[in-house]
Amino acid sequence: MRRAIRLAKRAHGETSPNPLVGAVLVKGDIILGQGWHHRAGQPHAEIEAIRDAEKRGSNIKSATLYVTLEPCCTHGRTPPCTDAIIAAGIKRVVVAATDPNPHHAGKGFDLLQRAGIEVISGIEAKGAEAINESFNHWIVHRTPFITVKAAMTLDGKIATSSGESKWITGEKARAYGMKLRKGADVILAGINTILFDDPGLTIRDAKPGKGKALRRLILDPRAQTPLTAQVVSDEFASRTTIITTELAAAKRVSDLDKQVQVLKAPLKNGRIDLRWLLKKLGKENVTNLLVEGGGETNAQFLEQGLAHRVAFFYAPKIIGGRDARKGVAGTGLSNVAHKISLTSVEYKILGDDLLLTARVA
């Protein structure tokens, strides 16, 4: 099962809105075939493993199938995997995680058992669920799983008072940041980040029409994004959406609309209604949202209880200064009892830098 989980991870960032799934076919202690789901619309992991075994000339009748997620039993982009498993003559199916969709959970198991196939579930379930954290959230709540990412000095600064921010962290930390971007469907930033830093918000070495291109969302209530900004003028401009509001001047909106997509969002307490936006993204099959918003935007997601995970990179540097930009700004919390608590905290050393990842309680 651990091998199946490793196989599933090979498609990191490629399968959304489908989950990561791996499968291994075994008879005795011989691996007959293996595979993983590559991307939505392509064969599921179980089918890949069966086809791999057939290519090797393996006899899979009475074999055991190890798979990281309950086999699907409904028609979607592809036929149900339960039909293929039954037709192949597999005698036992060992599953890590149950389908998180409450409408489908357990139905695949029932179909297999009714066909006389032994089913064992819950093997390495935590590991299998962890790789599909975003999918599991989206399939139940129909809103994206949100990670807030920031690269900071030890005193929590993301830039000096003059706005200088490149580079706070080292190469290994930045490479890991690219891995987080690849795992996301959409990357979101606030207008201040665009005005101060003019970031590209892309995956390193991405090429138009080749590989994965992130969707980019910019929270820009007054349509202040310069027409020369990278996110509206580069080769990925068609993947950019400016989220604006009734506060924006019509001329600014019109000019931006000629280069990128513009979406008018409702206001709530004078700011873009983020819950409205998240529901809209969920309907568009966005399962994983990465917020690299700058201090004010990061604070909005954390203070409103919208973030599910944080990924904070810390460099062994100190900037200081009252006016230096912070990784999390906002109004802050007036009472320590109302603090935002983190759980399942993990640390990773990346060169000279430290990465803290945790779930938001």
# chains A, B, ... in the order shown; residues from 1 in each chain; ligands from 1
>>> residues_around(residues="range 297-311 of chain A", least_positions_apart="2", cutoff="8 Å", atoms="only C-alpha atoms", output="ChimeraX atom specification")
/A:145-150,189-190,291-295,313,327-330,332,340,355-361
>>> write_last_selection(atoms="C-alpha atoms", output="PDB file, in the first residue's frame")
ATOM      1  CA  PHE A 145      -8.998  23.831   0.349  1.00  0.00           C
ATOM      2  CA  ILE A 146      -6.960  26.939   1.184  1.00  0.00           C
ATOM      3  CA  THR A 147      -3.276  27.165   2.037  1.00  0.00           C
ATOM      4  CA  VAL A 148      -1.784  30.507   3.093  1.00  0.00           C
ATOM      5  CA  LYS A 149       1.886  30.738   2.095  1.00  0.00           C
ATOM      6  CA  ALA A 150       4.443  33.353   3.086  1.00  0.00           C
ATOM      7  CA  ALA A 189      -2.662  37.539  -4.413  1.00  0.00           C
ATOM      8  CA  GLY A 190      -3.822  40.954  -3.289  1.00  0.00           C
ATOM      9  CA  VAL A 291      -2.917  32.269  -1.145  1.00  0.00           C
ATOM     10  CA  GLU A 292       0.341  34.202  -1.571  1.00  0.00           C
ATOM     11  CA  GLY A 293      -1.455  37.387  -0.913  1.00  0.00           C
ATOM     12  CA  GLY A 294       0.810  39.676   1.005  1.00  0.00           C
ATOM     13  CA  GLY A 295       0.149  40.569   4.634  1.00  0.00           C
ATOM     14  CA  PHE A 313       9.002  29.804   5.285  1.00  0.00           C
ATOM     15  CA  GLY A 327       3.651  38.238   6.497  1.00  0.00           C
ATOM     16  CA  VAL A 328       0.329  38.544   8.324  1.00  0.00           C
ATOM     17  CA  ALA A 329      -0.958  42.077   8.835  1.00  0.00           C
ATOM     18  CA  GLY A 330      -4.623  43.072   9.139  1.00  0.00           C
ATOM     19  CA  GLY A 332      -5.000  41.587  14.443  1.00  0.00           C
ATOM     20  CA  ILE A 340      -5.621  31.510  15.627  1.00  0.00           C
ATOM     21  CA  LEU A 355       9.438  25.602   6.670  1.00  0.00           C
ATOM     22  CA  LEU A 356       6.549  25.355   9.104  1.00  0.00           C
ATOM     23  CA  THR A 357       3.390  23.675   7.845  1.00  0.00           C
ATOM     24  CA  ALA A 358       0.294  23.186   9.975  1.00  0.00           C
ATOM     25  CA  ARG A 359      -3.478  22.872   9.889  1.00  0.00           C
ATOM     26  CA  VAL A 360      -5.481  25.847  11.097  1.00  0.00           C
ATOM     27  CA  ALA A 361      -7.501  24.686  14.100  1.00  0.00           C
TER      28      ALA A 361
END
>>> residues_around(residues="Asn285 in chain A", least_positions_apart="5", cutoff="12 Å", atoms="only C-alpha atoms", output="PyMOL selection string")
chain A and resi 15-18+40+134-135+137-139+141-145+184-186+278-280
>>> residues_around(residues="Gly13 in chain A", least_positions_apart="4", cutoff="10 Å", atoms="only C-alpha atoms", output="MDAnalysis selection string")
chainID A and resid 9 17 19:20 38:39 179:185 212 288
>>> residues_around(residues="Val24 in chain A", least_positions_apart="6", cutoff="8 Å", atoms="only C-alpha atoms", output="VMD selection string")
chain A and resid 1 3 to 4 31 to 35 46 49 65 to 67
>>> residues_around(residues="range 83-94 of chain A", least_positions_apart="4", cutoff="8 Å", atoms="only C-alpha atoms", output="list in words")
Glu46, Ile47, Ile50, Ile60, Lys61, Ser62, Ala63, Thr64, Leu65, Tyr66, Val67, Cys73, Pro79, Leu112, Ala115, Gly116, Ile117, Glu118, Val119, Ile120, Ser121 and Ile123 of chain A
>>> select_by_dssp(residues="range 9-254 of chain A", states="strand (DSSP E or B)", output="JSON, numbers by chain")
{"A": [22, 23, 24, 25, 26, 27, 30, 31, 32, 33, 34, 35, 36, 64, 65, 66, 67, 68, 69, 92, 93, 94, 95, 96, 97, 118, 119, 120, 121, 145, 146, 147, 148, 149, 150, 151, 152, 153, 157, 158, 159, 186, 187, 188, 189, 190, 207, 210, 215, 216, 217, 218, 219, 240, 241, 242, 243, 244]}
>>> write_last_selection(atoms="C-alpha atoms", output="compact mmCIF listing (two decimals), in the first residue's frame")
# COMPACT_ATOMS: atom_id res chain seq x y z
CA GLY A 22 -2.20 4.60 -6.99
CA ALA A 23 -2.69 0.85 -7.40
CA VAL A 24 -0.57 -2.32 -7.27
CA LEU A 25 -1.63 -5.80 -8.43
CA VAL A 26 -0.03 -8.68 -6.52
CA LYS A 27 -0.10 -12.46 -6.51
CA ILE A 30 5.09 -10.96 -6.96
CA ILE A 31 4.01 -7.57 -8.36
CA LEU A 32 2.02 -8.25 -11.52
CA GLY A 33 1.25 -4.67 -12.48
CA GLN A 34 1.02 -1.17 -11.10
CA GLY A 35 -0.22 2.26 -12.08
CA TRP A 36 -1.58 5.61 -11.02
CA THR A 64 -4.95 -9.04 -4.97
CA LEU A 65 -5.37 -5.38 -5.83
CA TYR A 66 -3.96 -2.74 -3.48
CA VAL A 67 -5.47 0.68 -4.17
CA THR A 68 -5.25 3.93 -2.21
CA LEU A 69 -8.91 4.97 -2.62
CA ARG A 92 -9.24 -9.56 -3.13
CA VAL A 93 -9.16 -5.76 -2.97
CA VAL A 94 -7.22 -3.96 -0.23
CA VAL A 95 -8.10 -0.28 0.09
CA ALA A 96 -6.54 2.55 2.08
CA ALA A 97 -9.22 5.27 2.20
CA GLU A 118 -12.95 -10.00 -0.44
CA VAL A 119 -12.57 -6.34 0.58
CA ILE A 120 -10.22 -5.05 3.28
CA SER A 121 -10.17 -1.30 3.99
CA PHE A 145 -9.00 23.83 0.35
CA ILE A 146 -6.96 26.94 1.18
CA THR A 147 -3.28 27.17 2.04
CA VAL A 148 -1.78 30.51 3.09
CA LYS A 149 1.89 30.74 2.09
CA ALA A 150 4.44 33.35 3.09
CA ALA A 151 8.24 33.67 3.06
CA MET A 152 9.43 35.74 6.02
CA THR A 153 12.37 36.78 8.13
CA LYS A 157 8.72 40.54 7.65
CA ILE A 158 8.16 39.84 3.95
CA ALA A 159 9.83 43.06 2.74
CA VAL A 186 -5.35 28.64 -8.44
CA ILE A 187 -2.89 31.10 -6.89
CA LEU A 188 -4.32 34.25 -5.30
CA ALA A 189 -2.66 37.54 -4.41
CA GLY A 190 -3.82 40.95 -3.29
CA LYS A 207 5.48 27.25 -21.12
CA LYS A 210 2.83 22.84 -22.29
CA ARG A 215 -4.96 30.27 -12.83
CA ARG A 216 -4.10 33.58 -11.15
CA LEU A 217 -6.61 35.59 -9.13
CA ILE A 218 -5.90 39.15 -8.02
CA LEU A 219 -8.05 40.78 -5.33
CA THR A 240 -5.51 35.76 -14.97
CA THR A 241 -8.73 37.01 -13.39
CA ILE A 242 -8.93 40.39 -11.69
CA ILE A 243 -11.54 40.34 -8.91
CA THR A 244 -12.93 43.83 -8.66
>>> residues_around(residues="Thr78 in chain A", least_positions_apart="4", cutoff="10 Å", atoms="only C-alpha atoms", output="compact mmCIF listing (two decimals) with C-alpha atoms, in the first residue's frame")
# COMPACT_ATOMS: atom_id res chain seq x y z
CA ALA A 40 -8.84 13.83 -15.10
CA GLY A 41 -10.41 12.06 -18.07
CA GLN A 42 -7.66 9.44 -18.28
CA PRO A 43 -7.90 5.87 -16.88
CA HIS A 44 -8.04 5.46 -13.12
CA CYS A 72 -15.42 4.18 -8.17
CA THR A 74 -20.38 5.26 -11.06
